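Some notes on the structure that comes next.
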Amino acid sequence: MNLAILNTDVQSFISENLNANLTKLLLKGTAFKNVETKDIIEQIEAKNRCKLKLPTWFNTNNIYYPNKLNIEQTSSEITANYKSKLISGETIIDVTGGFGIDCFYFSKQFNNVTHCEVNENLSNIVKHNFKQLKAINIETLHTDGVAYLKLHSKPFDWIYIDPSRRHDNKGKVFFIKDCLPNVPEHLESLFTSSKNILIKTSPLLDISVGLSELKHVKTIHIVAVNNEVKELLWILENNFEGSVNIETINIKKEQNETFSFNFNNTQKASNFNKPLTYLYEPNAAILKSGGFNEVSHQLNVYKLHQHSHLYTSNTLIKFPGRVFKIENVIPFNKKALKSLNLNKANITTRNFPETVAQIRKKFKIKDGGDTYLFFTTDLNNNKIVIVTQKA
């Protein structure tokens, strides 16, 4: 951490050049004696990435930014705020502190927060930033959080862990044990320091895989922002052996969409029907949850096919996802599609053998317009196209 970056003239230069051409700036160089141009550019890049993701940091003076990779990997303020409201108490320890976004929001719910970060430079940066943010109830420690808990008998109301991937060459499905720290390996030890543990994992983690690795899982929160799943949150309670509750949320500017169910109920059979008056497409959090049959039962809508994950009803309902009015249902063939006389439409495929790109190329349909076409399979295994408008 180069303290010279915090000098008033350097900070002013960074703010004035947020929209500058960084390649030209690098070639031109800067006149600051104690700060290299590449370090200033790193600050500019990192600060720009915070504008939407971390507006509190972006709008606070004298914030010191780590490299842009740390910014990419950290929680957004939106998700940090959500997770902080799931738990509360007197004390919490974040054993994988990182840039400290989650700790900052935990500090609003807990009286004492401990931030552990093994990278000394990042730990120093976070300590400085917490002072600028006036987060006075957070203690920053340059240490391995798991090792710290093993060395100290001090109990905490909650432990928070955001394990990082060791490598990215295992494809989309990975194990929690492949992350650092290896949570399953340390779980029993962690429960000696707290009876409550909150774990954040990548949205790519398969829920069934996670449940096979972790013990005493009480609740799983699937958090999406604007229909993109951002993180899975696992709440563990020592000695809990009951059924797991799944909470899904799609955080939107206008109104959040929520849906919850018991994981043990996912084996229920859905009710099926042909496309009726309205078509429903679940949001990304529900699609990740796998609670497709619960959607059918709780909301009293019909599925089109076991694997299509589209729903229909004759009566319009409030639905956690996109809602469409069905105008027509046609078989999937060139003659039927040509009869629509469409050269522009929004296309979605669900349980269908061809991709959106293949369909656009084959039928020369451009993207856009007010018509939404759903290429899918019905309950009789027929390939169909559902022609809709937004309801």
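Ordering of the structure tokens sets the chain letters (A, B, ...); residue numbers start at 1 within each chain; ligands are numbered from 1 in the order shown.
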
*asked:* Using DSSP assignments from the backbone, pull out every residue in segment 48-245 of chain A that falls under strand (DSSP E or B) and give it to me as a PyMOL selection string.
replied: chain A and resi 89-94+110-117+138-142+158-161+164-165+179-180+196-201+217-225+228-237+245

8 Å contact set for Ser202 of chain A, only C-alpha atoms, chain neighbours under 3 positions out, as a short mmCIF file (atom, residue, chain, number, x, y, z; two decimals) with N, CA and C atoms, in the first residue's frame:
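Writing the result to selection_17.cif gives the following:
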```
data_model
loop_
_atom_site.label_atom_id
_atom_site.label_comp_id
_atom_site.auth_asym_id
_atom_site.auth_seq_id
_atom_site.Cartn_x
_atom_site.Cartn_y
_atom_site.Cartn_z
N LEU A 205 -22.28 -23.47 -8.25
CA LEU A 205 -22.30 -24.67 -7.42
C LEU A 205 -23.66 -25.36 -7.50
N LYS A 230 -26.34 -14.27 -8.55
CA LYS A 230 -25.04 -13.74 -8.13
C LYS A 230 -24.35 -14.61 -7.09
N GLU A 231 -25.13 -15.18 -6.16
CA GLU A 231 -24.50 -15.98 -5.11
C GLU A 231 -25.51 -16.89 -4.44
N LEU A 232 -24.97 -17.96 -3.86
CA LEU A 232 -25.75 -18.86 -3.01
C LEU A 232 -25.28 -18.65 -1.58
#
```

*Could you name the residues that touch segment 319-326 of chain A at 7 Å or less, counting only C-alpha atoms, but leaving out those on the same chain fewer than 2 positions away, as an MDAnalysis selection string?*
chainID A and resid 257:258 277:283 317 328 386:391

Writer output for current selection, all heavy atoms, as a compact mmCIF listing (two decimals), in the first residue's frame:
```
# COMPACT_ATOMS: atom_id res chain seq x y z
N GLU A 257 -38.69 -10.08 -6.34
CA GLU A 257 -39.50 -11.29 -6.53
C GLU A 257 -38.98 -12.36 -5.59
O GLU A 257 -37.78 -12.67 -5.60
CB GLU A 257 -39.41 -11.78 -7.97
CG GLU A 257 -39.94 -10.80 -9.00
CD GLU A 257 -39.62 -11.20 -10.43
OE1 GLU A 257 -38.72 -12.06 -10.62
OE2 GLU A 257 -40.25 -10.65 -11.35
N THR A 258 -39.85 -12.93 -4.76
CA THR A 258 -39.43 -13.96 -3.82
C THR A 258 -40.26 -15.22 -3.99
O THR A 258 -41.44 -15.16 -4.38
CB THR A 258 -39.55 -13.47 -2.36
OG1 THR A 258 -40.91 -13.11 -2.11
CG2 THR A 258 -38.65 -12.26 -2.11
N THR A 277 -54.12 -19.39 -21.57
CA THR A 277 -54.22 -17.96 -21.91
C THR A 277 -52.93 -17.20 -21.62
O THR A 277 -52.54 -16.31 -22.38
CB THR A 277 -55.38 -17.31 -21.12
OG1 THR A 277 -56.57 -18.08 -21.35
CG2 THR A 277 -55.61 -15.87 -21.58
N TYR A 278 -52.26 -17.58 -20.52
CA TYR A 278 -51.05 -16.88 -20.10
C TYR A 278 -49.87 -17.84 -20.00
O TYR A 278 -50.04 -19.03 -19.68
CB TYR A 278 -51.27 -16.18 -18.76
CG TYR A 278 -52.31 -15.08 -18.83
CD1 TYR A 278 -53.63 -15.34 -18.44
CD2 TYR A 278 -51.99 -13.82 -19.30
CE1 TYR A 278 -54.60 -14.35 -18.51
CE2 TYR A 278 -52.94 -12.82 -19.38
CZ TYR A 278 -54.24 -13.09 -18.99
OH TYR A 278 -55.20 -12.11 -19.08
N LEU A 279 -48.68 -17.29 -20.27
CA LEU A 279 -47.45 -18.08 -20.18
C LEU A 279 -46.53 -17.42 -19.15
O LEU A 279 -46.40 -16.20 -19.11
CB LEU A 279 -46.74 -18.11 -21.55
CG LEU A 279 -45.49 -19.00 -21.62
CD1 LEU A 279 -45.90 -20.47 -21.64
CD2 LEU A 279 -44.68 -18.67 -22.87
N TYR A 280 -45.90 -18.26 -18.33
CA TYR A 280 -45.03 -17.75 -17.26
C TYR A 280 -43.63 -18.37 -17.37
O TYR A 280 -43.50 -19.59 -17.51
CB TYR A 280 -45.61 -18.09 -15.89
CG TYR A 280 -47.04 -17.63 -15.70
CD1 TYR A 280 -48.11 -18.51 -15.91
CD2 TYR A 280 -47.33 -16.33 -15.32
CE1 TYR A 280 -49.42 -18.09 -15.74
CE2 TYR A 280 -48.64 -15.90 -15.14
CZ TYR A 280 -49.69 -16.79 -15.35
OH TYR A 280 -50.98 -16.38 -15.19
N GLU A 281 -42.63 -17.50 -17.27
CA GLU A 281 -41.24 -17.96 -17.28
C GLU A 281 -40.60 -17.59 -15.93
O GLU A 281 -40.48 -16.41 -15.61
CB GLU A 281 -40.46 -17.30 -18.41
CG GLU A 281 -39.01 -17.75 -18.47
CD GLU A 281 -38.21 -16.95 -19.50
OE1 GLU A 281 -38.47 -15.74 -19.65
OE2 GLU A 281 -37.32 -17.55 -20.12
N PRO A 282 -40.21 -18.57 -15.10
CA PRO A 282 -39.65 -18.28 -13.79
C PRO A 282 -38.36 -17.46 -13.89
O PRO A 282 -37.63 -17.56 -14.89
CB PRO A 282 -39.36 -19.66 -13.20
CG PRO A 282 -40.17 -20.62 -14.02
CD PRO A 282 -40.27 -20.01 -15.38
N ASN A 283 -38.08 -16.68 -12.85
CA ASN A 283 -36.83 -15.93 -12.84
C ASN A 283 -35.64 -16.85 -12.61
O ASN A 283 -35.80 -18.04 -12.30
CB ASN A 283 -36.88 -14.80 -11.80
CG ASN A 283 -37.00 -15.29 -10.37
OD1 ASN A 283 -36.33 -16.23 -9.95
ND2 ASN A 283 -37.88 -14.65 -9.60
N ILE A 317 -52.05 -14.34 -12.93
CA ILE A 317 -51.62 -14.31 -11.53
C ILE A 317 -50.34 -13.49 -11.40
O ILE A 317 -49.66 -13.21 -12.39
CB ILE A 317 -51.36 -15.74 -10.98
CG1 ILE A 317 -50.14 -16.38 -11.69
CG2 ILE A 317 -52.60 -16.62 -11.09
CD1 ILE A 317 -49.56 -17.57 -10.97
N ASN A 328 -50.95 -17.19 -29.92
CA ASN A 328 -51.07 -18.30 -30.88
C ASN A 328 -50.10 -19.40 -30.46
O ASN A 328 -49.08 -19.14 -29.82
CB ASN A 328 -50.75 -17.82 -32.29
CG ASN A 328 -51.26 -18.75 -33.36
OD1 ASN A 328 -51.88 -19.78 -33.06
ND2 ASN A 328 -51.02 -18.42 -34.62
N ILE A 386 -44.74 -20.92 -29.19
CA ILE A 386 -45.81 -20.16 -28.53
C ILE A 386 -45.57 -18.68 -28.84
O ILE A 386 -44.53 -18.12 -28.52
CB ILE A 386 -45.81 -20.39 -27.02
CG1 ILE A 386 -45.87 -21.89 -26.72
CG2 ILE A 386 -47.00 -19.68 -26.35
CD1 ILE A 386 -45.71 -22.23 -25.23
N VAL A 387 -46.55 -18.07 -29.50
CA VAL A 387 -46.45 -16.66 -29.90
C VAL A 387 -47.10 -15.82 -28.81
O VAL A 387 -48.30 -16.01 -28.48
CB VAL A 387 -47.16 -16.43 -31.25
CG1 VAL A 387 -46.95 -14.99 -31.71
CG2 VAL A 387 -46.66 -17.42 -32.30
N THR A 388 -46.35 -14.86 -28.24
CA THR A 388 -46.87 -14.11 -27.10
C THR A 388 -46.53 -12.62 -27.20
O THR A 388 -45.68 -12.19 -27.99
CB THR A 388 -46.29 -14.63 -25.77
OG1 THR A 388 -44.91 -14.23 -25.68
CG2 THR A 388 -46.39 -16.12 -25.67
N GLN A 389 -47.21 -11.86 -26.36
CA GLN A 389 -46.88 -10.46 -26.08
C GLN A 389 -46.74 -10.34 -24.58
O GLN A 389 -47.37 -11.11 -23.83
CB GLN A 389 -47.99 -9.52 -26.57
CG GLN A 389 -48.26 -9.59 -28.06
CD GLN A 389 -47.38 -8.63 -28.86
OE1 GLN A 389 -46.92 -7.63 -28.34
NE2 GLN A 389 -47.16 -8.96 -30.12
N LYS A 390 -45.96 -9.36 -24.11
CA LYS A 390 -45.85 -9.19 -22.67
C LYS A 390 -47.19 -8.81 -22.07
O LYS A 390 -47.89 -7.96 -22.61
CB LYS A 390 -44.81 -8.11 -22.33
CG LYS A 390 -43.38 -8.66 -22.27
CD LYS A 390 -42.45 -7.69 -21.56
CE LYS A 390 -41.12 -8.36 -21.30
NZ LYS A 390 -40.17 -7.46 -20.60
N ALA A 391 -47.54 -9.45 -20.96
CA ALA A 391 -48.84 -9.16 -20.32
C ALA A 391 -48.75 -7.86 -19.53
O ALA A 391 -47.71 -7.52 -18.99
CB ALA A 391 -49.21 -10.30 -19.39
```

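Take the candidates A:Lys47, A:Lys83, A:Lys53, A:Lys252 and check each one against Pro66 of chain A using only C-alpha atoms; the shortest distance goes to A:Lys47.
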
*Would you list, as a PyMOL selection string, the residues of segment 204-377 of chain A that end up in alpha helix (DSSP H) under DSSP run on this structure's backbone?*
chain A and resi 207-213+284-289+292-299+334-339+356-363

Keeping N, CA and C atoms, export the residues of the selection given above as a CSV table (one decimal), in the first residue's frame.
```
chain,number,residue,atom,x,y,z
A,207,ILE,N,-26.7,-27.3,-6.1
A,207,ILE,CA,-27.2,-27.3,-4.7
A,207,ILE,C,-27.1,-28.7,-4.1
A,208,SER,N,-27.4,-29.7,-4.9
A,208,SER,CA,-27.3,-31.1,-4.3
A,208,SER,C,-25.9,-31.5,-4.0
A,209,VAL,N,-24.9,-31.0,-4.7
A,209,VAL,CA,-23.5,-31.2,-4.4
A,209,VAL,C,-23.2,-30.6,-3.1
A,210,GLY,N,-23.6,-29.3,-3.0
A,210,GLY,CA,-23.3,-28.6,-1.7
A,210,GLY,C,-23.9,-29.2,-0.5
A,211,LEU,N,-25.1,-29.7,-0.7
A,211,LEU,CA,-25.8,-30.4,0.5
A,211,LEU,C,-25.1,-31.7,0.8
A,212,SER,N,-24.5,-32.4,-0.2
A,212,SER,CA,-23.8,-33.6,0.1
A,212,SER,C,-22.5,-33.4,0.8
A,213,GLU,N,-21.9,-32.1,0.7
A,213,GLU,CA,-20.6,-31.8,1.3
A,213,GLU,C,-20.8,-31.2,2.7
A,284,ALA,N,-34.4,-16.3,-12.8
A,284,ALA,CA,-33.2,-17.1,-12.7
A,284,ALA,C,-33.0,-17.8,-11.4
A,285,ALA,N,-33.4,-17.1,-10.3
A,285,ALA,CA,-33.2,-17.7,-9.0
A,285,ALA,C,-34.0,-19.0,-8.8
A,286,ILE,N,-35.3,-19.0,-9.3
A,286,ILE,CA,-36.1,-20.2,-9.2
A,286,ILE,C,-35.6,-21.3,-10.1
A,287,LEU,N,-35.1,-20.9,-11.3
A,287,LEU,CA,-34.6,-21.9,-12.2
A,287,LEU,C,-33.3,-22.5,-11.6
A,288,LYS,N,-32.5,-21.8,-10.8
A,288,LYS,CA,-31.4,-22.3,-10.1
A,288,LYS,C,-31.8,-23.3,-9.0
A,289,SER,N,-32.9,-22.9,-8.4
A,289,SER,CA,-33.4,-23.7,-7.2
A,289,SER,C,-33.8,-25.1,-7.5
A,292,PHE,N,-39.3,-26.6,-9.4
A,292,PHE,CA,-40.2,-26.4,-10.5
A,292,PHE,C,-41.6,-27.0,-10.2
A,293,ASN,N,-41.6,-28.1,-9.5
A,293,ASN,CA,-42.9,-28.7,-9.1
A,293,ASN,C,-43.6,-27.8,-8.1
A,294,GLU,N,-42.8,-27.2,-7.2
A,294,GLU,CA,-43.4,-26.4,-6.1
A,294,GLU,C,-44.1,-25.1,-6.7
A,295,VAL,N,-43.5,-24.6,-7.8
A,295,VAL,CA,-44.1,-23.5,-8.5
A,295,VAL,C,-45.5,-23.8,-9.0
A,296,SER,N,-45.6,-25.0,-9.6
A,296,SER,CA,-46.9,-25.5,-10.1
A,296,SER,C,-47.9,-25.6,-9.0
A,297,HIS,N,-47.5,-26.2,-7.8
A,297,HIS,CA,-48.4,-26.4,-6.7
A,297,HIS,C,-48.8,-25.2,-6.0
A,298,GLN,N,-47.8,-24.4,-5.6
A,298,GLN,CA,-48.0,-23.2,-4.8
A,298,GLN,C,-48.8,-22.1,-5.5
A,299,LEU,N,-48.5,-21.9,-6.8
A,299,LEU,CA,-49.1,-20.8,-7.6
A,299,LEU,C,-50.3,-21.3,-8.4
A,334,LYS,N,-41.4,-24.9,-40.9
A,334,LYS,CA,-41.1,-23.7,-41.7
A,334,LYS,C,-42.4,-23.1,-42.2
A,335,LYS,N,-43.3,-23.9,-42.6
A,335,LYS,CA,-44.6,-23.3,-43.2
A,335,LYS,C,-45.3,-22.5,-42.1
A,336,ALA,N,-45.4,-23.1,-40.9
A,336,ALA,CA,-46.2,-22.4,-39.8
A,336,ALA,C,-45.5,-21.1,-39.4
A,337,LEU,N,-44.1,-21.2,-39.3
A,337,LEU,CA,-43.4,-20.0,-38.9
A,337,LEU,C,-43.5,-18.9,-40.0
A,338,LYS,N,-43.5,-19.3,-41.2
A,338,LYS,CA,-43.6,-18.3,-42.3
A,338,LYS,C,-44.9,-17.6,-42.3
A,339,SER,N,-46.0,-18.4,-41.9
A,339,SER,CA,-47.3,-17.8,-41.8
A,339,SER,C,-47.4,-16.6,-40.8
A,356,VAL,N,-31.1,-20.5,-29.9
A,356,VAL,CA,-31.7,-19.2,-30.4
A,356,VAL,C,-31.0,-18.8,-31.7
A,357,ALA,N,-29.6,-18.9,-31.7
A,357,ALA,CA,-28.8,-18.5,-32.8
A,357,ALA,C,-29.2,-19.3,-34.1
A,358,GLN,N,-29.3,-20.6,-33.9
A,358,GLN,CA,-29.7,-21.5,-35.0
A,358,GLN,C,-31.1,-21.2,-35.6
A,359,ILE,N,-32.0,-20.9,-34.7
A,359,ILE,CA,-33.4,-20.5,-35.1
A,359,ILE,C,-33.4,-19.2,-35.9
A,360,ARG,N,-32.6,-18.2,-35.4
A,360,ARG,CA,-32.6,-16.9,-36.1
A,360,ARG,C,-32.0,-17.1,-37.5
A,361,LYS,N,-31.0,-17.9,-37.6
A,361,LYS,CA,-30.3,-18.0,-38.9
A,361,LYS,C,-31.2,-18.8,-39.9
A,362,LYS,N,-31.8,-19.9,-39.3
A,362,LYS,CA,-32.7,-20.7,-40.2
A,362,LYS,C,-33.9,-20.0,-40.7
A,363,PHE,N,-34.5,-19.2,-39.9
A,363,PHE,CA,-35.8,-18.5,-40.2
A,363,PHE,C,-35.7,-17.0,-40.5
```

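Take atom CA of Val301 of chain A and atom CA of Thr355 of chain A: the distance between them is 26.5 Å.
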
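Between atom CA of Asn380 of chain A and atom CA of Arg350 of chain A there is a distance of 15.1 Å.
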
*For Phe261 of chain A, work out the shell of residues within 9 Å, counting only C-alpha atoms and skipping chain neighbours fewer than 4 positions away, then give it as a list in words.*
Val244, Asn245, Ile246, Glu247, Thr248, Asn265, Thr266, Gly291, Glu294, Val295 and Gln298 of chain A

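Interatomic distance, atom CA of Lys154 of chain A to atom CA of Glu90 of chain A: 12.9 Å.
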
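Minimum distance to Phe99 of chain A across A:Asn256, A:Asn250, A:Thr74, A:Thr79 (counting only C-alpha atoms) occurs at A:Thr74.
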
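Counting only C-alpha atoms and comparing A:Val113, A:Ile220, A:Ile176, A:Leu22, the residue that lies closest to Asn262 of chain A is A:Ile220.
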
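For the residues A:Leu133, A:Leu342, A:Ile161, A:Val35, ranking by smallest atom-to-atom distance to Gly97 of chain A using only C-alpha atoms places A:Ile161 first.
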
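Closest approach to Leu198 of chain A among A:His221, A:His142, A:His186, A:Lys28: A:His221, based on only C-alpha atoms.
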
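Compared by their closest atoms to Asn62 of chain A, and using only C-alpha atoms, the residues A:His216, A:Lys195, A:His309, A:His128 rank with A:His128 nearest.
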